[in-house]
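Below is model-v7.txt, holding compact mmCIF, C-alpha atoms.
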# COMPACT_ATOMS: atom_id res chain seq x y z
CA MET A 1 6.04 19.39 99.11
CA SER A 2 2.90 20.73 100.64
CA ASP A 3 1.40 17.49 101.92
CA ALA A 4 3.42 14.52 103.16
CA ALA A 5 0.56 12.01 102.91
CA ARG A 6 -0.35 9.85 99.94
CA PRO A 7 -1.52 10.50 97.37
CA TYR A 8 1.33 12.91 96.88
CA THR A 9 0.14 16.12 95.32
CA THR A 10 1.76 19.49 94.99
CA ASP A 11 1.69 22.71 93.04
CA HIS A 12 4.18 22.53 90.21
CA VAL A 13 5.11 25.86 88.66
CA VAL A 14 6.89 26.17 85.34
CA GLU A 15 8.05 29.72 84.93
CA TYR A 16 10.35 31.52 82.54
CA ALA A 17 11.04 35.22 82.90
CA TYR A 18 12.02 36.20 79.38
CA LYS A 19 13.80 39.54 79.12
CA ARG A 20 13.09 40.93 75.73
CA SER A 21 14.97 43.65 73.86
CA LEU A 22 12.37 45.88 72.29
CA GLY A 23 14.08 47.46 69.30
CA PRO A 24 13.45 51.01 68.11
CA VAL A 25 9.68 50.86 67.59
CA LEU A 26 8.43 48.90 70.58
CA SER A 27 10.89 50.82 72.75
CA ARG A 28 8.99 53.98 71.79
CA PHE A 29 5.65 52.20 72.35
CA PHE A 30 6.51 51.14 75.90
CA THR A 31 8.18 54.45 76.72
CA ALA A 32 4.97 56.18 75.61
CA LEU A 33 2.86 53.83 77.76
CA ARG A 34 4.90 55.00 80.73
CA ASP A 35 3.91 58.54 79.73
CA GLY A 36 0.23 57.57 79.48
CA GLN A 37 0.05 57.49 75.71
CA ILE A 38 -0.65 54.70 73.17
CA LEU A 39 1.30 54.78 69.89
CA GLY A 40 0.67 53.11 66.55
CA SER A 41 2.58 52.99 63.29
CA ARG A 42 1.28 54.19 59.95
CA ALA A 43 1.16 51.75 57.06
CA PRO A 44 0.06 52.19 53.43
CA GLU A 45 -3.62 52.61 52.56
CA GLY A 46 -4.35 54.53 55.71
CA ARG A 47 -3.75 51.67 58.09
CA VAL A 48 -2.53 52.37 61.63
CA LEU A 49 -1.10 49.35 63.47
CA VAL A 50 -1.26 49.06 67.26
CA PRO A 51 1.08 48.00 68.80
CA PRO A 52 3.38 49.63 66.24
CA MET A 53 5.58 47.42 64.08
CA GLU A 54 8.91 47.82 62.30
CA HIS A 55 7.65 46.13 59.16
CA ASP A 56 4.34 45.94 57.33
CA PRO A 57 2.91 42.48 58.19
CA ASP A 58 1.25 42.33 54.75
CA THR A 59 4.26 43.16 52.57
CA GLY A 60 7.35 43.02 54.79
CA ASP A 61 8.21 46.59 53.78
CA GLY A 62 9.80 48.79 56.41
CA LEU A 63 7.44 51.21 58.14
CA ASP A 64 8.07 54.77 59.22
CA VAL A 65 9.79 54.32 62.56
CA ALA A 66 9.95 58.03 63.29
CA GLY A 67 6.34 58.76 62.42
CA LEU A 68 4.45 56.93 65.14
CA VAL A 69 1.04 58.39 65.88
CA SER A 70 -0.98 58.64 69.06
CA VAL A 71 -4.17 56.58 69.19
CA GLY A 72 -6.95 56.06 71.70
CA PRO A 73 -7.41 56.23 74.63
CA GLY A 74 -10.98 55.38 73.60
CA GLY A 75 -11.98 52.63 71.23
CA ARG A 76 -14.52 50.09 70.13
CA VAL A 77 -14.71 46.43 71.15
CA ALA A 78 -14.35 44.34 67.98
CA THR A 79 -14.58 40.97 69.68
CA TRP A 80 -14.36 39.66 73.24
CA THR A 81 -14.47 36.66 75.53
CA TRP A 82 -15.64 36.63 79.13
CA ILE A 83 -13.33 35.32 81.85
CA SER A 84 -15.67 34.27 84.64
CA ALA A 85 -13.00 32.71 86.87
CA PRO A 86 -9.76 34.72 86.61
CA ARG A 87 -6.54 32.93 87.40
CA GLU A 88 -3.67 34.17 89.52
CA LYS A 89 -1.77 35.84 86.70
CA HIS A 90 -4.74 37.43 84.95
CA PRO A 91 -4.76 41.22 84.86
CA LEU A 92 -7.85 41.56 87.08
CA ASP A 93 -8.84 39.56 90.15
CA HIS A 94 -12.57 39.61 89.37
CA PRO A 95 -14.50 38.52 86.25
CA PHE A 96 -13.59 40.55 83.16
CA ALA A 97 -13.39 40.31 79.37
CA PHE A 98 -10.40 39.88 77.12
CA ALA A 99 -11.17 41.99 74.08
CA LEU A 100 -9.72 43.10 70.79
CA ILE A 101 -10.18 46.85 70.88
CA GLU A 102 -10.05 49.07 67.81
CA LEU A 103 -8.57 52.18 69.33
CA ASP A 104 -9.63 55.53 67.89
CA GLY A 105 -7.24 56.26 65.04
CA ALA A 106 -6.14 52.62 64.69
CA THR A 107 -7.17 50.01 62.13
CA THR A 108 -6.09 46.92 64.08
CA GLY A 109 -7.39 45.19 67.17
CA PHE A 110 -5.46 45.73 70.41
CA LEU A 111 -5.72 42.89 72.93
CA HIS A 112 -6.44 43.97 76.49
CA ALA A 113 -8.77 43.44 79.43
CA VAL A 114 -12.13 45.17 79.78
CA ASP A 115 -13.45 45.69 83.29
CA ALA A 116 -17.18 45.72 82.60
CA GLY A 117 -18.40 44.35 85.93
CA SER A 118 -20.66 41.77 84.34
CA GLU A 119 -20.88 39.82 81.12
CA ALA A 120 -24.29 41.38 80.46
CA ARG A 121 -22.64 44.77 79.93
CA MET A 122 -20.33 43.44 77.23
CA HIS A 123 -21.27 43.67 73.59
CA THR A 124 -19.44 43.91 70.31
CA GLY A 125 -19.21 47.50 69.21
CA MET A 126 -19.33 48.94 72.73
CA ARG A 127 -17.18 51.99 73.49
CA VAL A 128 -14.38 51.60 76.02
CA THR A 129 -11.55 53.79 77.24
CA ALA A 130 -8.19 53.19 78.87
CA ARG A 131 -7.76 53.11 82.62
CA TRP A 132 -4.15 53.99 83.45
CA ARG A 133 -2.20 53.06 86.52
CA ALA A 134 -0.98 55.96 88.62
CA GLU A 135 2.52 54.45 88.84
CA ARG A 136 3.79 53.32 85.45
CA THR A 137 6.98 51.42 84.67
CA GLY A 138 7.00 51.01 80.90
CA GLY A 139 5.04 47.78 80.47
CA ILE A 140 1.71 46.67 79.06
CA HIS A 141 0.26 46.68 82.59
CA ASP A 142 0.72 50.46 82.72
CA LEU A 143 -2.67 50.13 81.10
CA GLU A 144 -4.56 48.61 84.00
CA CYS A 145 -7.43 47.72 81.68
CA PHE A 146 -10.14 49.33 79.59
CA GLU A 147 -13.55 50.21 80.96
CA PRO A 148 -16.92 51.11 79.39
CA GLU A 149 -16.98 54.77 78.40
CA ASP A 150 -20.20 55.25 80.34
CA GLY A 151 -18.37 54.31 83.55
CA ALA A 152 -17.28 50.98 85.01
CA MET B 1 12.40 58.26 84.63
CA SER B 2 13.17 59.81 81.24
CA ASP B 3 15.37 57.03 79.89
CA PRO B 4 13.69 55.11 77.08
CA VAL B 5 12.28 51.68 77.89
CA GLU B 6 14.54 49.25 76.02
CA THR B 7 13.62 45.88 77.54
CA ILE B 8 10.58 44.26 79.07
CA VAL B 9 10.23 41.03 81.06
CA THR B 10 7.52 38.74 79.73
CA PRO B 11 7.01 35.95 82.25
CA VAL B 12 5.61 32.61 81.17
CA HIS B 13 3.89 31.09 84.19
CA LEU B 14 2.26 27.66 84.17
CA LEU B 15 0.74 26.29 87.37
CA TYR B 16 0.12 22.54 87.49
CA ASP B 17 -1.69 20.53 90.14
CA TRP B 18 0.69 17.60 90.16
CA THR B 19 -0.23 14.16 91.51
CA ALA B 20 2.39 11.42 91.75
CA THR B 21 1.83 8.22 89.80
CA SER B 22 2.12 4.98 91.76
CA ALA B 23 5.73 4.48 90.67
CA GLN B 24 6.62 8.07 91.55
CA ALA B 25 4.86 7.68 94.91
CA GLU B 26 6.96 4.61 95.71
CA PHE B 27 10.07 6.64 94.88
CA LEU B 28 8.90 9.43 97.20
CA ASP B 29 8.17 6.89 99.96
CA ALA B 30 11.73 5.62 99.60
CA ILE B 31 13.48 8.98 99.43
CA GLN B 32 11.59 9.97 102.56
CA GLU B 33 13.54 7.14 104.24
CA GLY B 34 16.85 8.16 102.69
CA ARG B 35 16.81 5.60 99.89
CA LEU B 36 16.72 5.86 96.10
CA ILE B 37 14.83 3.26 94.13
CA GLY B 38 14.53 2.42 90.46
CA ASP B 39 12.50 0.05 88.36
CA ARG B 40 13.84 -2.64 86.09
CA CYS B 41 12.48 -3.40 82.65
CA PRO B 42 11.55 -7.09 82.34
CA GLU B 43 12.72 -7.11 78.70
CA CYS B 44 15.83 -4.95 78.27
CA ARG B 45 16.80 -5.22 81.99
CA ASN B 46 17.61 -1.50 82.13
CA VAL B 47 17.05 0.19 85.50
CA TYR B 48 15.45 3.61 85.63
CA CYS B 49 15.73 6.02 88.54
CA PRO B 50 13.39 7.65 89.32
CA PRO B 51 11.03 4.84 88.32
CA SER B 52 8.33 5.66 85.81
CA GLY B 53 6.34 2.42 85.88
CA SER B 54 7.16 1.61 82.30
CA CYS B 55 10.07 1.23 79.92
CA ALA B 56 10.04 3.90 77.22
CA ARG B 57 12.33 1.76 75.08
CA CYS B 58 10.33 -1.48 75.20
CA GLY B 59 6.87 -0.07 75.90
CA VAL B 60 6.16 -2.52 78.72
CA GLU B 61 5.14 -2.12 82.34
CA THR B 62 7.90 -2.25 84.94
CA THR B 63 6.95 -3.75 88.28
CA GLU B 64 10.30 -4.78 89.78
CA ARG B 65 11.60 -2.14 92.19
CA LEU B 66 15.15 -2.18 93.50
CA ASP B 67 17.50 0.06 95.43
CA VAL B 68 19.86 2.34 93.54
CA ALA B 69 22.99 3.80 95.12
CA ASP B 70 23.22 7.44 96.15
CA LYS B 71 26.60 7.66 94.44
CA GLY B 72 27.49 7.49 90.80
CA THR B 73 29.53 8.76 87.88
CA VAL B 74 29.41 12.06 85.99
CA VAL B 75 28.62 11.30 82.35
CA THR B 76 28.22 14.89 81.20
CA PHE B 77 27.97 18.28 82.84
CA CYS B 78 27.27 21.94 82.28
CA ILE B 79 29.00 24.85 83.99
CA VAL B 80 26.50 27.64 84.58
CA ARG B 81 27.96 31.14 84.62
CA VAL B 82 24.84 33.11 83.72
CA PRO B 83 22.58 34.31 86.53
CA SER B 84 18.92 33.38 86.41
CA GLU B 85 15.91 34.14 88.54
CA ASN B 86 14.83 31.50 91.07
CA ILE B 87 18.34 30.03 91.30
CA GLU B 88 19.92 30.53 94.69
CA VAL B 89 23.23 28.74 94.02
CA SER B 90 26.24 31.01 93.71
CA LEU B 91 27.91 31.21 90.29
CA PRO B 92 29.63 29.53 88.64
CA TYR B 93 28.12 26.16 89.47
CA CYS B 94 28.04 22.78 87.78
CA ALA B 95 24.92 20.81 86.86
CA ALA B 96 25.94 17.24 86.18
CA THR B 97 24.25 14.29 84.57
CA ILE B 98 24.97 11.45 86.96
CA LEU B 99 24.70 7.74 86.28
CA LEU B 100 23.88 6.30 89.71
CA ASP B 101 25.39 2.91 90.52
CA GLY B 102 22.79 0.29 89.68
CA SER B 103 20.87 2.53 87.27
CA ASN B 104 21.05 2.82 83.49
CA MET B 105 19.29 6.18 83.27
CA PRO B 106 21.28 9.20 84.42
CA PHE B 107 19.68 12.05 86.24
CA ILE B 108 20.62 15.66 86.78
CA GLY B 109 22.20 16.79 90.01
CA LEU B 110 23.86 19.90 91.34
CA LEU B 111 27.58 19.52 92.09
CA GLN B 112 29.04 21.42 95.03
CA GLU B 113 32.19 21.31 97.17
CA VAL B 114 34.21 21.28 93.95
CA ASP B 115 35.91 23.84 91.74
CA VAL B 116 33.90 23.77 88.50
CA GLU B 117 37.16 23.67 86.53
CA ASP B 118 37.94 20.29 88.13
CA VAL B 119 34.69 18.59 87.08
CA ARG B 120 35.21 15.92 84.41
CA VAL B 121 33.42 13.05 82.74
CA GLY B 122 34.06 9.88 84.71
CA MET B 123 34.31 11.70 88.05
CA ARG B 124 32.81 9.78 90.98
CA VAL B 125 30.26 11.71 93.06
CA GLU B 126 28.05 11.02 96.07
CA ALA B 127 24.83 12.53 97.36
CA VAL B 128 24.90 14.92 100.30
CA TRP B 129 21.65 14.53 102.21
CA ALA B 130 19.84 17.17 104.19
CA PRO B 131 19.55 16.50 107.95
CA LYS B 132 17.24 13.54 108.55
CA SER B 133 14.87 15.69 110.59
CA GLU B 134 14.12 17.66 107.41
CA TRP B 135 13.36 14.68 105.17
CA GLY B 136 10.06 14.56 103.36
CA PRO B 137 8.76 12.95 100.18
CA THR B 138 10.87 15.25 98.00
CA PHE B 139 14.04 15.42 95.92
CA GLU B 140 15.11 18.24 98.20
CA ASN B 141 16.27 15.61 100.72
CA ILE B 142 19.40 15.47 98.55
CA LYS B 143 21.02 18.87 98.88
CA TYR B 144 23.57 18.24 96.14
CA PHE B 145 26.29 15.85 94.98
CA ARG B 146 30.00 16.20 95.68
CA PRO B 147 33.14 14.33 94.61
CA SER B 148 33.42 11.06 96.52
CA GLY B 149 37.19 10.87 96.21
CA GLU B 150 37.07 7.49 94.48
CA PRO B 151 39.20 6.98 91.35
CA ASP B 152 37.62 8.14 88.09
CA VAL B 153 35.75 5.64 85.96
CA PRO B 154 37.38 5.16 82.53
CA VAL B 155 35.39 7.16 79.99
CA GLU B 156 35.27 4.22 77.57
CA SER B 157 33.40 2.14 80.16
CA LEU B 158 30.53 4.63 80.19
CA GLY B 159 29.33 3.31 76.85
CA ASP B 160 26.52 5.16 75.16
CA TRP B 161 26.38 7.90 77.78
CA VAL B 162 29.46 9.74 76.60

Hey, can you dump this file as structure tokens for me?
Amino acid sequence: MSDAARPYTTDHVVEYAYKRSLGPVLSRFFTALRDGQILGSRAPEGRVLVPPMEHDPDTGDGLDVAGLVSVGPGGRVATWTWISAPREKHPLDHPFAFALIELDGATTGFLHAVDAGSEARMHTGMRVTARWRAERTGGIHDLECFEPEDGA
Amino acid sequence: MSDPVETIVTPVHLLYDWTATSAQAEFLDAIQEGRLIGDRCPECRNVYCPPSGSCARCGVETTERLDVADKGTVVTFCIVRVPSENIEVSLPYCAATILLDGSNMPFIGLLQEVDVEDVRVGMRVEAVWAPKSEWGPTFENIKYFRPSGEPDVPVESLGDWV
């Protein structure tokens, strides 16, 4: 209890650390992130899904687990929202955008942060590229964020 | 670092700014003095500890506060053998649902000073308080519960709770 005077107020944290088994496809995805590479899975009609999936979300058919393809690191912002007041657990400690990014070679939107500096620099269709962490552990935060291709 | 990545940890983290209601604040005032209080429903006469300020069963306000004992009876329990983050108690341990004397609403307490294999429904337990100098308006004033040594309560007398 942080404050012993009425009214009683305190920070109350609800936290669950789920440990998730990845399976064959996402295991390869996260292992590749550790190596600085983004993988997608091929689906019929030329679609490439990122993150890769074991099954086609449209039909439920199994996808080619062995044939994952490299996508990005550049891409195009398909849609975005500006986070003007980041919270403690957000990926960046200064204002940024959450964006769905169509990575080069992919046909789906990939959710990640864009470090654009200001909301005025954000626009749908803008080109961004991945900014990798130097020390990577095999998690989504191995991608620190994306940044405008013309420099953050 | 060439082993494949086979698991990830995906934390769910929710931060609340929590402010005590008036009934909860009265409870915290009392526990700061080493007492537990409940509130009694004017209709069904059930006593709830901690007090909530209303009876969920009858949907009416509860204004009568009364002391509840810091000892009670185990009505159900769970033996935890699986480690978890943020839990500092050594395994295995027993989390018990305890019906405090004078209350009709059990609450969950940690049982210590007992072999988990000996815990049973009907077992009498008592609160072990932290040193008075450490008391504040917090549940942490009660470190845990332990067997009181009193004879077990017959299971059939625990009514709906077992």

Report as JSON lines: every residue of chain B with an atom at most 12 Å from chain A, its closest pair of atoms, and their distance in Å to one decimal, counting only C-alpha atoms, with rows sorted by chain and ascending residue number.
{"residue": "B:Met1", "atom": "CA", "partner": "A:Thr137", "partner_atom": "CA", "distance": 8.7}
{"residue": "B:Ser2", "atom": "CA", "partner": "A:Thr31", "partner_atom": "CA", "distance": 8.6}
{"residue": "B:Asp3", "atom": "CA", "partner": "A:Thr31", "partner_atom": "CA", "distance": 8.3}
{"residue": "B:Pro4", "atom": "CA", "partner": "A:Thr31", "partner_atom": "CA", "distance": 5.6}
{"residue": "B:Val5", "atom": "CA", "partner": "A:Thr31", "partner_atom": "CA", "distance": 5.1}
{"residue": "B:Glu6", "atom": "CA", "partner": "A:Ser27", "partner_atom": "CA", "distance": 5.1}
{"residue": "B:Thr7", "atom": "CA", "partner": "A:Ser21", "partner_atom": "CA", "distance": 4.5}
{"residue": "B:Ile8", "atom": "CA", "partner": "A:Arg20", "partner_atom": "CA", "distance": 5.3}
{"residue": "B:Val9", "atom": "CA", "partner": "A:Lys19", "partner_atom": "CA", "distance": 4.3}
{"residue": "B:Thr10", "atom": "CA", "partner": "A:Tyr18", "partner_atom": "CA", "distance": 5.2}
{"residue": "B:Pro11", "atom": "CA", "partner": "A:Ala17", "partner_atom": "CA", "distance": 4.1}
{"residue": "B:Val12", "atom": "CA", "partner": "A:Tyr16", "partner_atom": "CA", "distance": 5.1}
{"residue": "B:His13", "atom": "CA", "partner": "A:Glu15", "partner_atom": "CA", "distance": 4.4}
{"residue": "B:Leu14", "atom": "CA", "partner": "A:Val14", "partner_atom": "CA", "distance": 5.0}
{"residue": "B:Leu15", "atom": "CA", "partner": "A:Val13", "partner_atom": "CA", "distance": 4.6}
{"residue": "B:Tyr16", "atom": "CA", "partner": "A:His12", "partner_atom": "CA", "distance": 4.9}
{"residue": "B:Asp17", "atom": "CA", "partner": "A:Asp11", "partner_atom": "CA", "distance": 5.0}
{"residue": "B:Trp18", "atom": "CA", "partner": "A:Thr10", "partner_atom": "CA", "distance": 5.3}
{"residue": "B:Thr19", "atom": "CA", "partner": "A:Thr9", "partner_atom": "CA", "distance": 4.3}
{"residue": "B:Ala20", "atom": "CA", "partner": "A:Tyr8", "partner_atom": "CA", "distance": 5.4}
{"residue": "B:Thr21", "atom": "CA", "partner": "A:Tyr8", "partner_atom": "CA", "distance": 8.5}
{"residue": "B:Ser22", "atom": "CA", "partner": "A:Pro7", "partner_atom": "CA", "distance": 8.7}
{"residue": "B:Ala23", "atom": "CA", "partner": "A:Tyr8", "partner_atom": "CA", "distance": 11.4}
{"residue": "B:Gln24", "atom": "CA", "partner": "A:Tyr8", "partner_atom": "CA", "distance": 8.9}
{"residue": "B:Ala25", "atom": "CA", "partner": "A:Tyr8", "partner_atom": "CA", "distance": 6.6}
{"residue": "B:Glu26", "atom": "CA", "partner": "A:Arg6", "partner_atom": "CA", "distance": 9.9}
{"residue": "B:Phe27", "atom": "CA", "partner": "A:Tyr8", "partner_atom": "CA", "distance": 10.9}
{"residue": "B:Leu28", "atom": "CA", "partner": "A:Tyr8", "partner_atom": "CA", "distance": 8.3}
{"residue": "B:Asp29", "atom": "CA", "partner": "A:Arg6", "partner_atom": "CA", "distance": 9.0}
{"residue": "B:Gln32", "atom": "CA", "partner": "A:Ala4", "partner_atom": "CA", "distance": 9.4}
{"residue": "B:Ser84", "atom": "CA", "partner": "A:Ala17", "partner_atom": "CA", "distance": 8.8}
{"residue": "B:Glu85", "atom": "CA", "partner": "A:Ala17", "partner_atom": "CA", "distance": 7.5}
{"residue": "B:Asn86", "atom": "CA", "partner": "A:Glu15", "partner_atom": "CA", "distance": 9.3}
{"residue": "B:Ile87", "atom": "CA", "partner": "A:Tyr16", "partner_atom": "CA", "distance": 11.9}
{"residue": "B:Glu134", "atom": "CA", "partner": "A:Met1", "partner_atom": "CA", "distance": 11.7}
{"residue": "B:Trp135", "atom": "CA", "partner": "A:Ala4", "partner_atom": "CA", "distance": 10.1}
{"residue": "B:Gly136", "atom": "CA", "partner": "A:Ala4", "partner_atom": "CA", "distance": 6.6}
{"residue": "B:Pro137", "atom": "CA", "partner": "A:Ala4", "partner_atom": "CA", "distance": 6.3}
{"residue": "B:Thr138", "atom": "CA", "partner": "A:Met1", "partner_atom": "CA", "distance": 6.5}
{"residue": "B:Phe139", "atom": "CA", "partner": "A:Met1", "partner_atom": "CA", "distance": 9.5}
{"residue": "B:Glu140", "atom": "CA", "partner": "A:Met1", "partner_atom": "CA", "distance": 9.2}
{"residue": "B:Asn141", "atom": "CA", "partner": "A:Met1", "partner_atom": "CA", "distance": 11.0}

Within-12 Å shell of (24.2, 29.1, 93.9) in input frame, all atoms listed in the file, as number ranges by chain: B: 79-95, 110-113, 143-144

Segment 37-49 of chain A surroundings by all atoms listed in the file, 8 Å radius, close-in-sequence under 5 positions cut, as a tab-separated table (two decimals) with C-alpha atoms, keeping the file's coordinate frame:
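out-v1.tsv was written with the following content:
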chain	number	residue	atom	x	y	z
A	28	ARG	CA	8.99	53.98	71.79
A	29	PHE	CA	5.65	52.20	72.35
A	32	ALA	CA	4.97	56.18	75.61
A	56	ASP	CA	4.34	45.94	57.33
A	63	LEU	CA	7.44	51.21	58.14
A	64	ASP	CA	8.07	54.77	59.22
A	65	VAL	CA	9.79	54.32	62.56
A	67	GLY	CA	6.34	58.76	62.42
A	68	LEU	CA	4.45	56.93	65.14
A	69	VAL	CA	1.04	58.39	65.88
A	70	SER	CA	-0.98	58.64	69.06
A	71	VAL	CA	-4.17	56.58	69.19
A	72	GLY	CA	-6.95	56.06	71.70
A	73	PRO	CA	-7.41	56.23	74.63
A	105	GLY	CA	-7.24	56.26	65.04
A	106	ALA	CA	-6.14	52.62	64.69
A	107	THR	CA	-7.17	50.01	62.13
A	108	THR	CA	-6.09	46.92	64.08

Residue contacts of Cys41 of chain B (12 Å, all atoms listed in the file) excluding same-chain residues fewer than 5 positions away, as a list of chain:residue names: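 Near neighbours after the sequence-gap exclusion: B:Asn46, B:Val47, B:Tyr48, B:Cys49, B:Pro51, B:Ser52, B:Gly53, B:Ser54, B:Cys55, B:Ala56, B:Arg57, B:Cys58, B:Gly59, B:Val60, B:Glu61, B:Thr62, B:Thr63, B:Glu64, B:Arg65, B:Leu66, B:Ser103, B:Asn104, B:Met105.
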
Residues within 9 Å of Arg131 of chain A, all atoms listed in the file, excluding chain neighbours under 2 positions, as a list in words: Pro73, Thr129, Arg133, Asp142, Leu143, Glu144, Cys145, Phe146 and Glu147 of chain A

Between atom CA of Gly74 of chain A and atom CA of Asp104 of chain A - distance in Å to one decimal: 5.9 Å

12 Å contact set for His112 of chain A, only C-alpha atoms, chain neighbours under 5 positions out, as a ChimeraX atom specification: /A:50-51,75-81,90-92,96-103,128-131,140-147

For those residues, write C-alpha atoms to a file as a compact mmCIF listing (two decimals), keeping the file's coordinate frame.
# COMPACT_ATOMS: atom_id res chain seq x y z
CA VAL A 50 -1.26 49.06 67.26
CA PRO A 51 1.08 48.00 68.80
CA GLY A 75 -11.98 52.63 71.23
CA ARG A 76 -14.52 50.09 70.13
CA VAL A 77 -14.71 46.43 71.15
CA ALA A 78 -14.35 44.34 67.98
CA THR A 79 -14.58 40.97 69.68
CA TRP A 80 -14.36 39.66 73.24
CA THR A 81 -14.47 36.66 75.53
CA HIS A 90 -4.74 37.43 84.95
CA PRO A 91 -4.76 41.22 84.86
CA LEU A 92 -7.85 41.56 87.08
CA PHE A 96 -13.59 40.55 83.16
CA ALA A 97 -13.39 40.31 79.37
CA PHE A 98 -10.40 39.88 77.12
CA ALA A 99 -11.17 41.99 74.08
CA LEU A 100 -9.72 43.10 70.79
CA ILE A 101 -10.18 46.85 70.88
CA GLU A 102 -10.05 49.07 67.81
CA LEU A 103 -8.57 52.18 69.33
CA VAL A 128 -14.38 51.60 76.02
CA THR A 129 -11.55 53.79 77.24
CA ALA A 130 -8.19 53.19 78.87
CA ARG A 131 -7.76 53.11 82.62
CA ILE A 140 1.71 46.67 79.06
CA HIS A 141 0.26 46.68 82.59
CA ASP A 142 0.72 50.46 82.72
CA LEU A 143 -2.67 50.13 81.10
CA GLU A 144 -4.56 48.61 84.00
CA CYS A 145 -7.43 47.72 81.68
CA PHE A 146 -10.14 49.33 79.59
CA GLU A 147 -13.55 50.21 80.96

Residue with smallest distance to Gly34 of chain B - pool B:Val121, B:Val162, B:Ile108, B:Val68, counting only C-alpha atoms: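 Between B:Val121, B:Val162, B:Ile108, B:Val68, the residue approaching Gly34 of chain B most closely is B:Val68.
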
Please fill the gaps in segment 35-48 of chain A so it has N, CA and C atoms, and write that as a PDB file, in the coordinates of the input.
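As a result, part_26.pdb now contains:
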ATOM      1  N   ASP A  35       4.367  57.138  79.728  1.00  0.00           N
ATOM      2  CA  ASP A  35       3.910  58.540  79.730  1.00  0.00           C
ATOM      3  C   ASP A  35       2.391  58.639  79.580  1.00  0.00           C
ATOM      4  N   GLY A  36       1.693  57.519  79.568  1.00  0.00           N
ATOM      5  CA  GLY A  36       0.230  57.570  79.480  1.00  0.00           C
ATOM      6  C   GLY A  36      -0.287  57.788  78.073  1.00  0.00           C
ATOM      7  N   GLN A  37       0.439  57.269  77.097  1.00  0.00           N
ATOM      8  CA  GLN A  37       0.050  57.490  75.710  1.00  0.00           C
ATOM      9  C   GLN A  37       0.207  56.163  74.938  1.00  0.00           C
ATOM     10  N   ILE A  38      -0.706  55.921  73.989  1.00  0.00           N
ATOM     11  CA  ILE A  38      -0.650  54.700  73.170  1.00  0.00           C
ATOM     12  C   ILE A  38      -0.246  55.096  71.753  1.00  0.00           C
ATOM     13  N   LEU A  39       0.799  54.452  71.223  1.00  0.00           N
ATOM     14  CA  LEU A  39       1.300  54.780  69.890  1.00  0.00           C
ATOM     15  C   LEU A  39       1.018  53.659  68.905  1.00  0.00           C
ATOM     16  N   GLY A  40       0.790  54.062  67.646  1.00  0.00           N
ATOM     17  CA  GLY A  40       0.670  53.110  66.550  1.00  0.00           C
ATOM     18  C   GLY A  40       1.574  53.540  65.417  1.00  0.00           C
ATOM     19  N   SER A  41       1.763  52.614  64.454  1.00  0.00           N
ATOM     20  CA  SER A  41       2.580  52.990  63.290  1.00  0.00           C
ATOM     21  C   SER A  41       1.709  53.049  62.049  1.00  0.00           C
ATOM     22  N   ARG A  42       2.044  54.012  61.187  1.00  0.00           N
ATOM     23  CA  ARG A  42       1.280  54.190  59.950  1.00  0.00           C
ATOM     24  C   ARG A  42       1.789  53.226  58.877  1.00  0.00           C
ATOM     25  N   ALA A  43       0.834  52.651  58.162  1.00  0.00           N
ATOM     26  CA  ALA A  43       1.160  51.750  57.060  1.00  0.00           C
ATOM     27  C   ALA A  43       0.371  52.226  55.841  1.00  0.00           C
ATOM     28  N   PRO A  44       0.758  51.739  54.634  1.00  0.00           N
ATOM     29  CA  PRO A  44       0.060  52.190  53.430  1.00  0.00           C
ATOM     30  C   PRO A  44      -1.455  51.947  53.514  1.00  0.00           C
ATOM     31  N   GLU A  45      -2.161  52.699  52.678  1.00  0.00           N
ATOM     32  CA  GLU A  45      -3.620  52.610  52.560  1.00  0.00           C
ATOM     33  C   GLU A  45      -4.330  53.026  53.833  1.00  0.00           C
ATOM     34  N   GLY A  46      -3.668  53.939  54.561  1.00  0.00           N
ATOM     35  CA  GLY A  46      -4.350  54.530  55.710  1.00  0.00           C
ATOM     36  C   GLY A  46      -4.417  53.651  56.939  1.00  0.00           C
ATOM     37  N   ARG A  47      -3.696  52.526  56.914  1.00  0.00           N
ATOM     38  CA  ARG A  47      -3.750  51.670  58.090  1.00  0.00           C
ATOM     39  C   ARG A  47      -2.883  52.233  59.215  1.00  0.00           C
ATOM     40  N   VAL A  48      -3.321  52.022  60.451  1.00  0.00           N
ATOM     41  CA  VAL A  48      -2.530  52.370  61.630  1.00  0.00           C
ATOM     42  C   VAL A  48      -2.498  51.139  62.528  1.00  0.00           C
TER      43      VAL A  48
END
